[in-house]
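**Student:** Just one file: my_file-v1.tsv, with TSV, C-alpha atoms.
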chain	number	residue	atom	x	y	z
A	1	MET	CA	-0.04	-3.97	-2.93
A	2	ASP	CA	1.87	-0.68	-2.56
A	3	ASN	CA	5.51	-0.99	-3.60
A	4	THR	CA	4.94	-4.65	-4.49
A	5	LEU	CA	2.47	-4.44	-7.36
A	6	LEU	CA	1.92	-0.68	-7.64
A	7	ASP	CA	4.49	2.11	-7.33
A	8	ILE	CA	2.74	4.29	-4.79
A	9	GLN	CA	5.48	6.95	-4.91
A	10	LEU	CA	4.85	7.72	-8.58
A	11	SER	CA	1.11	7.92	-7.89
A	12	LEU	CA	1.69	10.35	-5.04
A	13	ILE	CA	3.91	12.55	-7.20
A	14	ARG	CA	1.19	12.77	-9.84
A	15	SER	CA	-1.36	13.60	-7.16
A	16	GLN	CA	0.95	16.35	-5.87
A	17	LYS	CA	0.93	17.92	-9.33
A	18	ASP	CA	-2.87	17.80	-9.42
A	19	VAL	CA	-2.99	19.54	-6.03
A	20	ALA	CA	-0.49	22.18	-7.16
A	21	ASP	CA	-2.60	22.86	-10.25
A	22	ARG	CA	-5.77	23.14	-8.15
A	23	ILE	CA	-4.33	25.74	-5.75
A	24	GLY	CA	-2.54	27.67	-8.49
A	25	CYS	CA	1.04	26.76	-7.65
A	26	VAL	CA	3.72	25.83	-10.16
A	27	PHE	CA	4.69	22.18	-9.70
A	28	SER	CA	8.41	22.71	-9.37
A	29	GLY	CA	11.15	20.85	-7.58
A	30	ASP	CA	10.81	23.25	-4.65
A	31	PHE	CA	7.07	22.62	-4.40
A	32	PHE	CA	7.62	18.86	-4.53
A	33	LEU	CA	10.23	18.89	-1.76
A	34	ALA	CA	8.21	21.20	0.48
A	35	ASP	CA	5.01	19.21	0.02
A	36	GLN	CA	6.87	15.92	0.54
A	37	LYS	CA	8.21	17.20	3.87
A	38	LEU	CA	4.72	18.22	4.95
A	39	MET	CA	3.45	14.78	3.95
A	40	ASP	CA	6.15	13.10	6.02
A	41	ASP	CA	5.62	15.44	8.97
A	42	ALA	CA	1.87	14.78	9.04
A	43	TRP	CA	2.44	11.01	8.70
A	44	ASP	CA	4.82	11.10	11.68
A	45	GLU	CA	2.54	13.38	13.70
A	46	PHE	CA	-0.23	10.75	13.56
A	47	ARG	CA	2.25	7.87	14.07
A	48	MET	CA	1.05	6.09	10.97
A	49	ASN	CA	4.05	3.75	10.89
A	50	ASP	CA	3.34	2.41	14.40
A	51	THR	CA	1.11	-0.29	12.97
A	52	GLN	CA	1.95	-2.74	15.76
A	53	ASP	CA	0.56	-0.40	18.44
A	54	PRO	CA	-3.02	-1.51	19.31
A	55	ASP	CA	-4.11	2.10	19.82
A	56	ILE	CA	-2.85	3.06	16.36
A	57	GLN	CA	-4.48	-0.05	14.87
A	58	ALA	CA	-7.85	0.93	16.31
A	59	TYR	CA	-7.91	4.37	14.67
A	60	TRP	CA	-5.53	3.93	11.75
A	61	HIS	CA	-8.05	4.68	8.99
A	62	GLN	CA	-9.44	7.76	10.72
A	63	HIS	CA	-5.88	8.98	11.27
A	64	TYR	CA	-5.01	8.22	7.65
A	65	ARG	CA	-7.60	10.73	6.50
A	66	MET	CA	-6.76	13.21	9.26
A	67	GLN	CA	-3.05	13.27	8.45
A	68	ILE	CA	-3.84	14.15	4.83
A	69	VAL	CA	-6.07	17.01	5.98
A	70	ARG	CA	-3.30	18.14	8.33
A	71	GLN	CA	-0.79	18.08	5.46
A	72	TYR	CA	-2.97	20.37	3.36
A	73	GLU	CA	-3.67	22.68	6.30
A	74	MET	CA	0.09	23.17	6.63
A	75	LEU	CA	0.43	23.57	2.86
A	76	ALA	CA	-2.15	26.36	2.89
A	77	GLN	CA	-0.25	28.08	5.70
A	78	GLN	CA	3.04	27.84	3.85
A	79	THR	CA	1.77	29.00	0.46
A	80	GLY	CA	-0.76	31.53	1.70
A	81	MET	CA	-3.29	29.98	-0.68
A	82	GLU	CA	-6.98	29.80	0.09
A	83	CYS	CA	-7.93	26.11	-0.14
A	84	ASP	CA	-10.17	23.54	1.48
A	85	PRO	CA	-8.02	20.70	2.92
A	86	TYR	CA	-10.93	18.26	2.63
A	87	GLU	CA	-11.43	19.14	-1.03
A	88	LEU	CA	-7.73	18.57	-1.66
A	89	MET	CA	-7.90	15.21	0.12
A	90	LYS	CA	-10.74	14.21	-2.20
A	91	LEU	CA	-8.72	15.40	-5.20
A	92	ARG	CA	-5.75	13.33	-4.04
A	93	PHE	CA	-7.86	10.19	-3.76
A	94	GLU	CA	-9.37	10.77	-7.21
A	95	SER	CA	-5.91	11.30	-8.67
A	96	ILE	CA	-4.45	8.16	-7.11
A	97	ASN	CA	-7.39	6.10	-8.37
A	98	ARG	CA	-6.47	7.08	-11.93
A	99	MET	CA	-2.84	6.00	-11.53
A	100	HIS	CA	-1.78	2.43	-12.23
A	101	PHE	CA	2.01	2.60	-12.22
A	102	THR	CA	3.24	-0.95	-11.72
A	103	MET	CA	6.50	-1.64	-9.94
A	104	GLU	CA	7.88	-3.46	-12.98
A	105	PRO	CA	6.82	-3.56	-16.64
A	106	GLU	CA	6.02	-7.26	-16.26
A	107	THR	CA	3.98	-6.96	-13.06
A	108	LEU	CA	0.48	-7.20	-14.53
A	109	ASP	CA	1.46	-9.94	-16.98
A	110	VAL	CA	2.90	-12.07	-14.16
A	111	PHE	CA	-0.18	-11.46	-12.00
A	112	ARG	CA	-2.46	-12.45	-14.87
A	113	GLU	CA	-0.46	-15.59	-15.62
A	114	LEU	CA	-0.45	-16.72	-11.98
A	115	SER	CA	-4.24	-16.35	-11.81
A	116	ARG	CA	-4.56	-19.31	-14.19
A	117	THR	CA	-3.06	-21.65	-11.59
A	118	TYR	CA	-3.39	-19.95	-8.20
A	119	ARG	CA	-5.97	-17.97	-6.25
A	120	ASN	CA	-4.55	-14.45	-6.33
A	121	VAL	CA	-5.54	-12.32	-3.34
A	122	LEU	CA	-4.84	-8.63	-2.73
A	123	ALA	CA	-4.27	-7.59	0.88
A	124	THR	CA	-3.54	-3.95	1.64
A	125	ASN	CA	-3.67	-1.34	4.36
A	126	SER	CA	-5.82	1.15	2.52
A	127	VAL	CA	-8.90	3.31	2.78
A	128	THR	CA	-11.93	2.60	0.64
A	129	GLU	CA	-11.57	5.93	-1.19
A	130	THR	CA	-8.53	4.57	-3.07
A	131	ARG	CA	-10.02	1.21	-4.04
A	132	GLY	CA	-10.13	2.28	-7.67
A	133	ARG	CA	-6.33	2.00	-8.04
A	134	LEU	CA	-6.67	-1.77	-7.66
A	135	SER	CA	-8.96	-2.09	-10.68
A	136	ILE	CA	-6.32	-3.34	-13.14
A	137	PHE	CA	-5.70	-6.38	-10.93
A	138	GLU	CA	-9.32	-7.09	-10.00
A	139	PRO	CA	-10.10	-9.32	-13.03
A	140	TYR	CA	-7.24	-11.62	-12.04
A	141	CYS	CA	-7.79	-12.04	-8.31
A	142	CYS	CA	-10.40	-13.95	-6.36
A	143	ARG	CA	-10.61	-11.51	-3.44
A	144	MET	CA	-9.40	-8.05	-2.42
A	145	PHE	CA	-8.98	-7.29	1.26
A	146	LEU	CA	-8.77	-3.60	2.16
A	147	SER	CA	-8.05	-2.95	5.80
A	148	ASP	CA	-10.71	-0.23	5.91
A	149	GLU	CA	-13.34	-2.74	4.83
A	150	ILE	CA	-12.38	-5.52	7.26
A	151	HIS	CA	-11.71	-3.07	10.13
A	152	ALA	CA	-8.21	-4.36	10.85
A	153	ILE	CA	-4.75	-3.54	9.57
A	154	LYS	CA	-1.60	-5.52	8.87
A	155	PRO	CA	0.31	-6.79	10.82
A	156	SER	CA	-2.48	-7.47	13.34
A	157	ALA	CA	-3.69	-11.02	13.81
A	158	ALA	CA	-7.23	-9.77	13.20
A	159	PHE	CA	-6.37	-8.81	9.61
A	160	PHE	CA	-4.94	-12.20	8.70
A	161	ASP	CA	-7.63	-14.10	10.62
A	162	ALA	CA	-10.36	-12.26	8.73
A	163	MET	CA	-8.68	-12.96	5.42
A	164	LEU	CA	-8.13	-16.67	6.10
A	165	THR	CA	-11.67	-17.14	7.41
A	166	SER	CA	-13.16	-15.48	4.35
A	167	LEU	CA	-11.03	-17.56	1.98
A	168	GLY	CA	-11.61	-20.81	3.88
A	169	CYS	CA	-7.88	-21.53	3.76
A	170	ARG	CA	-5.38	-22.90	6.23
A	171	PRO	CA	-2.40	-20.58	6.86
A	172	GLU	CA	0.10	-23.08	5.49
A	173	GLU	CA	-1.77	-23.11	2.17
A	174	CYS	CA	-1.00	-19.43	1.62
A	175	LEU	CA	2.06	-17.46	0.58
A	176	MET	CA	2.19	-13.84	1.72
A	177	ILE	CA	4.17	-11.69	-0.71
A	178	GLY	CA	5.04	-8.11	0.15
A	179	ASP	CA	7.70	-5.45	0.55
A	180	SER	CA	7.21	-4.65	4.24
A	181	ALA	CA	9.32	-6.66	6.69
A	182	THR	CA	6.97	-5.66	9.52
A	183	GLU	CA	3.46	-5.63	8.08
A	184	ASP	CA	3.73	-8.34	5.42
A	185	MET	CA	6.49	-10.65	6.57
A	186	GLY	CA	6.12	-10.25	10.32
A	187	GLY	CA	2.32	-10.27	10.28
A	188	GLY	CA	2.13	-13.15	7.84
A	189	LYS	CA	4.68	-15.24	9.72
A	190	ARG	CA	2.92	-14.83	13.07
A	191	ALA	CA	-0.34	-15.85	11.38
A	192	GLY	CA	1.29	-19.07	10.17
A	193	LEU	CA	1.54	-18.16	6.48
A	194	ARG	CA	4.56	-18.83	4.36
A	195	THR	CA	6.21	-15.54	3.47
A	196	CYS	CA	8.07	-14.12	0.47
A	197	TRP	CA	9.82	-10.77	0.74
A	198	TYR	CA	9.75	-8.56	-2.34
A	199	LYS	CA	13.04	-6.81	-1.70
A	200	ARG	CA	13.38	-4.77	-4.88
A	201	GLY	CA	15.67	-1.81	-4.15
A	202	LYS	CA	16.56	-3.01	-0.66
A	203	GLY	CA	20.08	-4.17	-1.50
A	204	ASN	CA	21.65	-6.53	1.02
A	205	ARG	CA	19.00	-6.09	3.70
A	206	VAL	CA	17.65	-9.30	5.21
A	207	CYS	CA	14.32	-10.17	6.82
A	208	SER	CA	14.27	-12.92	9.43
A	209	ASP	CA	10.50	-13.42	8.98
A	210	ALA	CA	10.80	-14.15	5.25
A	211	ASP	CA	10.85	-17.79	4.15
A	212	TYR	CA	11.79	-16.69	0.64
A	213	SER	CA	12.87	-13.48	-1.06
A	214	ILE	CA	12.73	-12.19	-4.64
A	215	GLU	CA	14.27	-9.14	-6.31
A	216	SER	CA	11.80	-9.14	-9.20
A	217	ILE	CA	8.19	-10.20	-9.64
A	218	THR	CA	9.36	-12.27	-12.61
A	219	GLU	CA	11.01	-14.68	-10.14
A	220	LEU	CA	7.67	-15.55	-8.56
A	221	PRO	CA	6.39	-18.21	-11.02
A	222	GLY	CA	9.65	-20.15	-10.73
A	223	LEU	CA	9.57	-19.93	-6.94
A	224	LEU	CA	6.00	-21.22	-6.80
A	225	ASN	CA	6.88	-24.10	-9.13
A	226	ARG	CA	9.74	-25.11	-6.82
A	227	MET	CA	7.45	-24.92	-3.78
A	228	SER	CA	4.77	-27.16	-5.30
As structure tokens - that is how I would like this structure written.
**Tutor:**
Amino acid sequence: MDNTLLDIQLSLIRSQKDVADRIGCVFSGDFFLADQKLMDDAWDEFRMNDTQDPDIQAYWHQHYRMQIVRQYEMLAQQTGMECDPYELMKLRFESINRMHFTMEPETLDVFRELSRTYRNVLATNSVTETRGRLSIFEPYCCRMFLSDEIHAIKPSAAFFDAMLTSLGCRPEECLMIGDSATEDMGGGKRAGLRTCWYKRGKGNRVCSDADYSIESITELPGLLNRMS
């Protein structure tokens, strides 16, 4: 979902502006860079990228919320502003839910077109509070799997098993498309799915777990036609 269909970075930038407005700070380049560093520091503090660690998997959604609160605690300390980190977390979720920046101008059109022939499924590591950002794709997909709702995260086997069981599909009938070499390609491959790496902006990087790769979502219909 993130950085495959939706540009999560643009959504986060807009949410940063909403937070700056709420606490009375000017949303300048300096604010953006300082807040971005706090975001990264909090993410690393809670080891959010260690998605293959069973301990992280077990508490990933709780930690997701806690690292946002931690970010805003540090922001309050840096700015000297009186603010409620939990209120700012809620504001961030509300802001992100309003943002539907697609990765490419053609993204939604391609997704809609594919839904006429294939069963489109959304699979994302996400908390339920940001489910609203998926709304533009919901009319054109048969199921949406949020890790917070199925109590498992990519790349764990539990995530893919839950998805396949719910869909009533065999792994080889599915194509996992995503930008993450670890969560999407690695997790999908180990679960027996065919995999397609969305490598937009990744240059000459390769992914050994990807059966196919595309630079643009517009390549996907042609790829699926060749596979059938």
**Student:** With a distance cut-off of 12 Å and all atoms listed in the file, select the neighbouring residues of segment 11-28 of chain A, excluding the residue or stretch itself and same-chain residues fewer than 5 positions from it, and output the selection as a short mmCIF file (atom, residue, chain, number, x, y, z; two decimals) with C-alpha atoms, in the frame of the given file.
**Tutor:**
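Full text of selection_13.cif as output:
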data_model
loop_
_atom_site.label_atom_id
_atom_site.label_comp_id
_atom_site.auth_asym_id
_atom_site.auth_seq_id
_atom_site.Cartn_x
_atom_site.Cartn_y
_atom_site.Cartn_z
CA ASP A 2 1.87 -0.68 -2.56
CA ASN A 3 5.51 -0.99 -3.60
CA LEU A 6 1.92 -0.68 -7.64
CA LEU A 33 10.23 18.89 -1.76
CA ALA A 34 8.21 21.20 0.48
CA ASP A 35 5.01 19.21 0.02
CA GLN A 36 6.87 15.92 0.54
CA LEU A 38 4.72 18.22 4.95
CA MET A 39 3.45 14.78 3.95
CA ILE A 68 -3.84 14.15 4.83
CA GLN A 71 -0.79 18.08 5.46
CA TYR A 72 -2.97 20.37 3.36
CA LEU A 75 0.43 23.57 2.86
CA ALA A 76 -2.15 26.36 2.89
CA GLN A 78 3.04 27.84 3.85
CA THR A 79 1.77 29.00 0.46
CA GLY A 80 -0.76 31.53 1.70
CA MET A 81 -3.29 29.98 -0.68
CA GLU A 82 -6.98 29.80 0.09
CA CYS A 83 -7.93 26.11 -0.14
CA ASP A 84 -10.17 23.54 1.48
CA PRO A 85 -8.02 20.70 2.92
CA TYR A 86 -10.93 18.26 2.63
CA GLU A 87 -11.43 19.14 -1.03
CA LEU A 88 -7.73 18.57 -1.66
CA MET A 89 -7.90 15.21 0.12
CA LYS A 90 -10.74 14.21 -2.20
CA LEU A 91 -8.72 15.40 -5.20
CA ARG A 92 -5.75 13.33 -4.04
CA PHE A 93 -7.86 10.19 -3.76
CA GLU A 94 -9.37 10.77 -7.21
CA SER A 95 -5.91 11.30 -8.67
CA ILE A 96 -4.45 8.16 -7.11
CA ASN A 97 -7.39 6.10 -8.37
CA ARG A 98 -6.47 7.08 -11.93
CA MET A 99 -2.84 6.00 -11.53
CA HIS A 100 -1.78 2.43 -12.23
CA PHE A 101 2.01 2.60 -12.22
CA THR A 102 3.24 -0.95 -11.72
CA MET A 103 6.50 -1.64 -9.94
CA THR A 130 -8.53 4.57 -3.07
CA ARG A 133 -6.33 2.00 -8.04
#
**Student:** Hey, can you check how far atom CA of His61 of chain A sits from atom CA of His151 of chain A?
**Tutor:**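 These two atoms are separated by 8.6 Å.
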**Student:** From the list A:Asp148, A:Asp179, A:Glu173, A:Asp44, which residue is nearest Leu193 of chain A when using all atoms listed in the file?
**Tutor:**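 That would be A:Glu173, the residue with the smallest distance to Leu193 of chain A.
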**Student:** Go through A:Cys169, A:Leu175, A:Leu134, A:Val206 and flag the residue nearest Ile8 of chain A, using all atoms listed in the file for the distances.
**Tutor:**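 Checking each candidate against Ile8 of chain A, we get A:Leu134 as the closest.
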**Student:** Taking into account only C-alpha atoms, which residue in the set A:Leu220, A:Met74, A:Leu5, A:Met185 is nearest to Pro155 of chain A?
**Tutor:**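 The closest residue to Pro155 of chain A is A:Met185.
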**Student:** Record the distance separating atom CA of Asn49 of chain A and atom CA of Ile217 of chain A, expressed in Å with one decimal.
**Tutor:** 25.2 Å
**Student:** Which is closest to Ile150 of chain A among A:Glu215, A:Glu138, A:Thr124, A:Gly222, if we use all atoms listed in the file?
**Tutor:**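 Comparing A:Glu215, A:Glu138, A:Thr124, A:Gly222 against Ile150 of chain A, the winner is A:Thr124.
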**Student:** Restricting the calculation to all atoms listed in the file: of A:Ala210, A:Ala158, A:Ala191, A:Cys196, which residue gets closest to Gln57 of chain A?
**Tutor:**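 Under the stated criterion, the closest residue is A:Ala158.
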**Student:** Between atom CA of Ser180 of chain A and atom CA of Asn204 of chain A, what is the distance in Å, rounded to a tenth?
**Tutor:**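 Atom-to-atom, atom CA of Ser180 of chain A to atom CA of Asn204 of chain A, that is 14.9 Å.
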**Student:** Have a look at A:Val110, A:Ala157, A:Leu122, A:Val127 and name the one nearest to Arg143 of chain A; count only C-alpha atoms.
**Tutor:**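 Among the listed residues, A:Leu122 lies closest to Arg143 of chain A.
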